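> Contents of work27.txt (compact mmCIF, C-alpha atoms):
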# COMPACT_ATOMS: atom_id res chain seq x y z
CA MET A 20 30.26 6.30 -14.53
CA ARG A 21 30.24 2.59 -13.79
CA GLU A 22 33.61 1.68 -12.40
CA THR A 23 32.34 -1.00 -10.10
CA GLY A 24 32.71 -3.93 -12.46
CA PRO A 25 36.23 -5.13 -11.68
CA VAL A 26 36.08 -3.81 -8.13
CA ALA A 27 32.84 -5.55 -7.37
CA ARG A 28 34.04 -8.84 -8.78
CA ALA A 29 36.87 -8.80 -6.32
CA ARG A 30 34.46 -8.64 -3.42
CA THR A 31 32.19 -11.24 -1.94
CA ALA A 32 28.90 -12.00 -3.60
CA ASP A 33 26.78 -10.11 -1.10
CA LYS A 34 28.90 -7.01 -1.19
CA GLU A 35 28.86 -7.15 -4.94
CA ARG A 36 25.12 -7.14 -5.02
CA ILE A 37 24.82 -4.18 -2.65
CA THR A 38 27.35 -2.23 -4.70
CA ILE A 39 25.50 -2.97 -7.89
CA VAL A 40 22.14 -2.02 -6.43
CA SER A 41 23.35 1.29 -5.06
CA ASP A 42 25.22 1.97 -8.26
CA ASN A 43 22.06 1.45 -10.22
CA ALA A 44 20.25 3.91 -7.99
CA THR A 45 22.90 6.53 -8.61
CA ARG A 46 22.86 5.90 -12.30
CA GLY A 47 19.11 6.35 -12.45
CA ALA A 48 19.39 9.64 -10.61
CA GLU A 49 22.02 10.89 -13.01
CA GLN A 50 19.85 10.12 -15.98
CA GLY A 51 16.78 11.63 -14.34
CA ARG A 52 15.07 8.32 -14.86
CA GLN A 53 13.74 5.67 -12.59
CA PRO A 54 16.34 4.06 -10.37
CA ASP A 55 16.41 0.39 -9.47
CA ALA A 56 12.87 -0.80 -10.08
CA ARG A 57 12.94 -2.86 -6.92
CA PHE A 58 13.08 0.26 -4.77
CA THR A 59 10.10 1.67 -6.62
CA MET A 60 8.20 -1.58 -6.18
CA ALA A 61 9.04 -1.87 -2.50
CA ASN A 62 7.83 1.68 -2.01
CA GLU A 63 4.58 0.83 -3.76
CA ARG A 64 4.11 -2.33 -1.72
CA THR A 65 4.55 -0.35 1.47
CA PHE A 66 1.87 2.06 0.32
CA LEU A 67 -0.47 -0.81 -0.54
CA ALA A 68 0.11 -2.37 2.86
CA TRP A 69 -0.93 0.91 4.49
CA SER A 70 -4.01 1.04 2.28
CA ARG A 71 -5.00 -2.43 3.42
CA THR A 72 -4.40 -1.40 7.00
CA SER A 73 -6.76 1.52 6.44
CA LEU A 74 -9.38 -0.78 4.93
CA ALA A 75 -9.09 -3.06 7.95
CA LEU A 76 -9.57 -0.07 10.26
CA VAL A 77 -12.69 0.99 8.35
CA VAL A 78 -14.07 -2.55 8.41
CA GLY A 79 -13.39 -2.82 12.12
CA GLY A 80 -15.08 0.52 12.80
CA LEU A 81 -18.11 -0.38 10.68
CA ALA A 82 -18.42 -3.73 12.42
CA ILE A 83 -18.38 -2.06 15.82
CA ALA A 84 -20.96 0.53 14.79
CA GLN A 85 -23.29 -1.79 12.87
CA LEU A 86 -22.88 -5.35 14.10
CA LEU A 87 -22.06 -4.95 17.78
CA PRO A 88 -25.13 -4.84 20.08
CA PRO A 89 -25.38 -1.47 21.82
CA PHE A 90 -23.72 -1.07 25.20
CA ALA A 91 -26.36 -1.06 27.92
CA GLY A 92 -26.73 2.43 29.32
CA VAL A 93 -24.06 3.89 27.01
CA PRO A 94 -25.80 4.77 23.74
CA TRP A 95 -22.77 6.66 22.42
CA GLY A 96 -20.38 3.82 23.23
CA ARG A 97 -20.21 2.18 19.82
CA SER A 98 -19.79 5.45 17.93
CA ALA A 99 -17.08 6.57 20.33
CA ILE A 100 -15.06 3.42 19.64
CA ALA A 101 -15.77 3.26 15.92
CA THR A 102 -15.21 6.91 14.99
CA PRO A 103 -11.46 7.10 15.74
CA LEU A 104 -10.88 3.86 13.86
CA ILE A 105 -12.73 5.01 10.75
CA LEU A 106 -11.20 8.48 10.98
CA LEU A 107 -7.74 6.93 11.03
CA GLY A 108 -8.82 4.80 8.08
CA ALA A 109 -9.59 8.02 6.20
CA VAL A 110 -6.37 9.83 7.13
CA LEU A 111 -3.87 6.99 6.76
CA PRO A 112 -4.18 6.61 2.97
CA VAL A 113 -3.49 10.31 2.48
CA LEU A 114 -0.48 10.28 4.79
CA SER A 115 0.89 7.10 3.25
CA TYR A 116 0.42 8.56 -0.21
CA LEU A 117 2.41 11.65 0.77
CA GLU A 118 5.06 9.41 2.26
CA TRP A 119 5.13 7.29 -0.87
CA ARG A 120 5.68 10.42 -2.96
CA THR A 121 8.44 11.71 -0.69
CA ASN A 122 10.19 8.35 -0.73
CA GLN A 123 9.81 8.13 -4.49
CA LYS A 124 11.57 11.45 -4.92
CA SER A 125 14.29 10.44 -2.47
CA ILE A 126 14.86 7.23 -4.39
CA GLU A 127 15.11 9.12 -7.66
CA ARG A 128 17.66 11.50 -6.20
CA GLY A 129 19.52 8.66 -4.54
CA ALA A 130 18.99 10.40 -1.22
CA ARG A 131 18.35 8.91 2.18
CA LEU A 132 14.85 7.77 3.05
CA GLY A 133 13.28 9.52 6.00
CA SER A 134 11.74 7.58 8.84
CA SER A 135 8.01 7.00 8.80
CA ARG A 136 5.64 8.55 11.32
CA LEU A 137 2.74 6.28 10.40
CA PRO A 138 3.55 3.34 12.71
CA GLY A 139 3.58 5.72 15.68
CA ILE A 140 0.23 7.24 14.71
CA LEU A 141 -1.27 3.80 14.25
CA ALA A 142 0.08 2.45 17.53
CA VAL A 143 -1.11 5.44 19.55
CA THR A 144 -4.59 5.39 18.01
CA ILE A 145 -5.09 1.67 18.48
CA THR A 146 -3.90 1.85 22.08
CA VAL A 147 -6.25 4.74 22.84
CA VAL A 148 -9.18 2.98 21.16
CA ALA A 149 -8.48 -0.24 23.05
CA LEU A 150 -8.38 1.59 26.38
CA LEU A 151 -11.54 3.48 25.43
CA ALA A 152 -13.31 0.23 24.55
CA ALA A 153 -12.34 -1.27 27.87
CA ALA A 154 -13.53 1.85 29.70
CA VAL A 155 -16.88 1.91 27.87
CA ASP A 156 -17.46 -1.77 28.56
CA ILE A 157 -16.66 -1.49 32.25
CA TYR A 158 -18.76 1.68 32.58
CA SER A 159 -21.68 -0.04 30.86
CA ARG A 160 -21.47 -3.06 33.15
CA VAL A 161 -21.27 -0.94 36.26
CA ARG A 162 -24.23 1.22 35.21
CA SER A 163 -26.52 -1.64 34.19
CA ARG A 164 -25.85 -3.67 37.32
CA MET B 5 4.94 -3.13 -23.03
CA SER B 6 8.51 -4.23 -22.86
CA GLY B 7 9.26 -3.28 -26.43
CA ASP B 8 8.80 0.47 -26.13
CA ARG B 9 10.84 0.71 -23.01
CA GLY B 10 13.64 -1.64 -23.90
CA ALA B 11 15.40 0.84 -26.14
CA ALA B 12 14.37 4.04 -24.40
CA ALA B 13 15.29 3.07 -20.86
CA PRO B 14 17.90 0.37 -20.73
CA GLY B 15 18.44 -0.46 -17.16
CA PRO B 16 17.11 -2.29 -14.20
CA ALA B 17 13.51 -1.78 -15.26
CA ASP B 18 13.93 -4.06 -18.26
CA GLU B 19 11.37 -6.76 -18.63
CA PRO B 20 12.67 -10.27 -18.18
CA GLY B 21 11.13 -11.12 -21.52
CA ASP B 22 13.35 -8.77 -23.48
CA ASP B 23 15.09 -10.49 -26.34
CA ASP B 24 18.63 -9.58 -25.41
CA PRO B 25 19.09 -7.04 -22.63
CA ALA B 26 22.86 -7.06 -23.06
CA ALA B 27 22.57 -5.75 -26.61
CA ASN B 28 21.34 -2.30 -25.60
CA ASP B 29 22.60 -2.23 -22.04
CA PRO B 30 26.32 -2.14 -21.48
CA GLY B 31 25.92 -2.77 -17.78
CA ALA B 32 23.80 -5.89 -18.18
CA ASP B 33 26.58 -8.45 -17.81
CA ASP B 34 27.77 -7.27 -14.42
CA ARG B 35 24.38 -6.10 -13.22
CA GLY B 36 22.65 -9.38 -12.47
CA ALA B 37 20.82 -8.64 -9.26
CA GLY B 38 19.73 -5.20 -10.52
CA ASP B 39 17.19 -6.74 -12.83
CA PRO B 40 13.88 -7.34 -11.10
CA GLY B 41 13.10 -10.16 -13.46
CA ALA B 42 13.90 -13.82 -13.41
CA ASP B 43 17.30 -13.48 -11.73
CA ASP B 44 16.03 -11.36 -8.86
CA PRO B 45 16.35 -13.39 -5.67
CA GLY B 46 13.83 -11.13 -3.94
CA LEU B 47 11.13 -11.64 -6.58
CA ALA B 48 10.21 -7.96 -6.35
CA ARG B 49 7.85 -8.06 -9.29
CA GLU B 50 5.93 -11.07 -8.04
CA ARG B 51 5.67 -9.62 -4.59
CA THR B 52 4.35 -6.36 -5.97
CA ASP B 53 1.80 -8.11 -8.15
CA LEU B 54 0.70 -10.17 -5.17
CA ALA B 55 0.40 -7.04 -3.04
CA TRP B 56 -1.95 -5.56 -5.62
CA THR B 57 -3.93 -8.81 -5.67
CA ARG B 58 -4.15 -8.75 -1.88
CA SER B 59 -5.37 -5.19 -1.90
CA SER B 60 -7.98 -6.08 -4.49
CA ILE B 61 -9.13 -9.01 -2.35
CA ALA B 62 -9.41 -6.71 0.66
CA PHE B 63 -11.76 -4.47 -1.31
CA PHE B 64 -13.61 -7.50 -2.61
CA GLY B 65 -14.16 -8.94 0.86
CA LEU B 66 -15.42 -5.62 2.15
CA GLY B 67 -17.71 -5.26 -0.88
CA VAL B 68 -19.24 -8.69 -0.38
CA ALA B 69 -19.74 -8.07 3.34
CA ILE B 70 -21.49 -4.76 2.70
CA LEU B 71 -23.46 -6.23 -0.19
CA LYS B 72 -25.23 -8.40 2.36
CA PHE B 73 -26.48 -5.43 4.37
CA ARG B 74 -26.65 -2.60 1.82
CA PRO B 75 -26.56 -3.80 -1.77
CA ALA B 76 -26.46 -0.27 -3.15
CA ALA B 77 -23.22 0.45 -1.30
CA GLY B 78 -21.65 -2.94 -1.94
CA ILE B 79 -21.69 -2.82 -5.74
CA PRO B 80 -19.45 0.29 -6.09
CA ILE B 81 -16.95 -1.29 -3.70
CA LEU B 82 -16.91 -4.44 -5.80
CA ALA B 83 -16.24 -2.20 -8.80
CA ILE B 84 -13.29 -0.65 -6.94
CA ALA B 85 -12.03 -4.16 -6.24
CA ALA B 86 -12.16 -4.99 -9.93
CA VAL B 87 -10.38 -1.76 -10.87
CA THR B 88 -7.68 -2.40 -8.26
CA TRP B 89 -7.14 -5.87 -9.64
CA LEU B 90 -6.85 -4.51 -13.17
CA LEU B 91 -4.44 -1.77 -12.04
CA GLY B 92 -2.23 -4.37 -10.43
CA ARG B 93 -2.22 -6.48 -13.56
CA ALA B 94 -2.06 -3.88 -16.28
CA ALA B 95 0.24 -1.08 -15.15
CA ARG B 96 3.71 -2.09 -14.19
CA PRO B 97 5.67 0.61 -12.38
CA GLY B 98 7.75 1.19 -15.45
CA SER B 99 6.14 4.50 -16.23
CA GLN B 100 6.39 7.08 -13.48
CA ARG B 101 3.09 8.68 -14.37
CA ILE B 102 1.10 5.46 -14.39
CA ALA B 103 2.62 4.39 -11.08
CA SER B 104 1.80 7.74 -9.52
CA ARG B 105 -1.74 7.70 -10.83
CA ARG B 106 -2.65 4.24 -9.70
CA VAL B 107 -1.30 4.90 -6.24
CA LEU B 108 -3.33 8.11 -6.08
CA LEU B 109 -6.41 6.21 -7.22
CA VAL B 110 -6.11 3.73 -4.37
CA THR B 111 -5.63 6.61 -1.95
CA VAL B 112 -8.79 8.32 -3.12
CA ALA B 113 -10.79 5.09 -3.09
CA VAL B 114 -9.85 4.10 0.47
CA SER B 115 -10.26 7.62 1.85
CA ALA B 116 -13.63 8.11 0.16
CA LEU B 117 -14.81 4.80 1.51
CA ALA B 118 -13.69 5.75 4.99
CA LEU B 119 -15.43 9.13 4.81
CA VAL B 120 -18.70 7.56 3.67
CA SER B 121 -18.41 5.08 6.52
CA LEU B 122 -17.73 7.91 8.94
CA VAL B 123 -20.85 9.80 7.87
CA LEU B 124 -22.87 6.59 8.11
CA THR B 125 -21.59 5.90 11.60
CA LEU B 126 -22.20 9.39 12.92
CA ALA B 127 -25.42 10.33 11.08
CA GLY B 128 -26.84 7.02 9.91
CA PRO B 129 -29.56 4.98 11.59
CA SER B 130 -28.55 3.20 14.76
CA SER B 131 -28.59 -0.55 14.39
CA ASN B 132 -29.38 -3.07 17.08
CA GLY B 133 -26.38 -5.13 16.13
CA LEU B 134 -26.33 -8.85 15.55
CA ARG B 135 -28.14 -10.16 18.58
CA PRO B 136 -28.39 -13.95 18.76
Go through the file and emit its structure as structure tokens.

Amino acid sequence: MRETGPVARARTADKERITIVSDNATRGAEQGRQPDARFTMANERTFLAWSRTSLALVVGGLAIAQLLPPFAGVPWGRSAIATPLILLGAVLPVLSYLEWRTNQKSIERGARLGSSRLPGILAVTITVVALLAAAVDIYSRVRSR
Amino acid sequence: MSGDRGAAAPGPADEPGDDDPAANDPGADDRGAGDPGADDPGLARERTDLAWTRSSIAFFGLGVAILKFRPAAGIPILAIAAVTWLLGRAARPGSQRIASRRVLLVTVAVSALALVSLVLTLAGPSSNGLRP
């Protein structure tokens, strides 16, 4: 099962480490146990980072809705900007949890990790919200002039 | 925590504090970098613990900020912050079930918080904001 010992020693230090890491992952899959704990931890850290991103989105949305003075002439302005942010803050944890679970299973099987769709969703939403905020602000200024 | 797993699951998940990992793990001598303990150059365990601490602080900051405006809503968030901190400290991702559960718990907490905020934003009273 573990034939890498002498082979790996003959290689450079970096290559040796990669070989050992991937070998550990395979071994864990064969035993039906956890693979290299570092993969599991990295997966968990990624999930936590998405959770914090979600919290930041919720905080930002709440701040816009509660702390920002209303836009003159645009009573729905603050809600329109805040709602997509908070909505994304509600959806992101679920999506990142599903992704965490998928990745966890892939790691256990020693399979490839799929690419994440979350950065795209986040980037599109933030861009749209930013453009919307600019539009609401300009509209409010033009109307109240 | 390390004792029960040391014999059952010899491998990369071994605690660094184990008495002699080589005794029950034939691959220990040539593994080296596979152990996420003291020899790990990436400090995976520390980084994970710190990520949990950071997440807890994020909850804590939000809780304190909300406490100022709505004390009734702030206290449960502070409780979530405390639970998150404990989860990060207590449960190491050694057990699959514990790891899965604590991740799910964070998911539910953040999503619930977001949904409450959403309802507040859409149906709650309109504030005048912080005017100087």
> If we count all atoms listed in the file, which residues of chain A reach to within 8 Å of chain B? Please list them as number ranges by chain.
A: 21, 24, 36, 39-40, 43, 52-57, 59-61, 63-64, 66-68, 70-71, 73-74, 77-78, 81, 84-89, 98, 101-102, 105-106, 108-110, 112-113, 116
> One decimal, in Å: what's the spacing between CA of Ala86 in chain B and CA of Phe64 in chain B?
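Atom-to-atom, CA of Ala86 in chain B and CA of Phe64 in chain B are spaced 7.9 Å apart.
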> Have a look at CA of Arg97 in chain A and CA of Arg160 in chain A and let me know their distance in Å, one decimal.
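The value is 14.4 Å.
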> Compile the contact shell of Leu137 in chain A as an MDAnalysis selection string: residues with an atom at most 8 Å away, counting only C-alpha atoms, same-chain residues fewer than 6 positions apart removed.
chainID A and resid 111 114:115
> I'd like the interatomic distance between CA of Thr65 in chain A and CA of Gly79 in chain A, to a tenth of an Å.
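Going from CA of Thr65 in chain A over to CA of Gly79 in chain A covers 21.0 Å.
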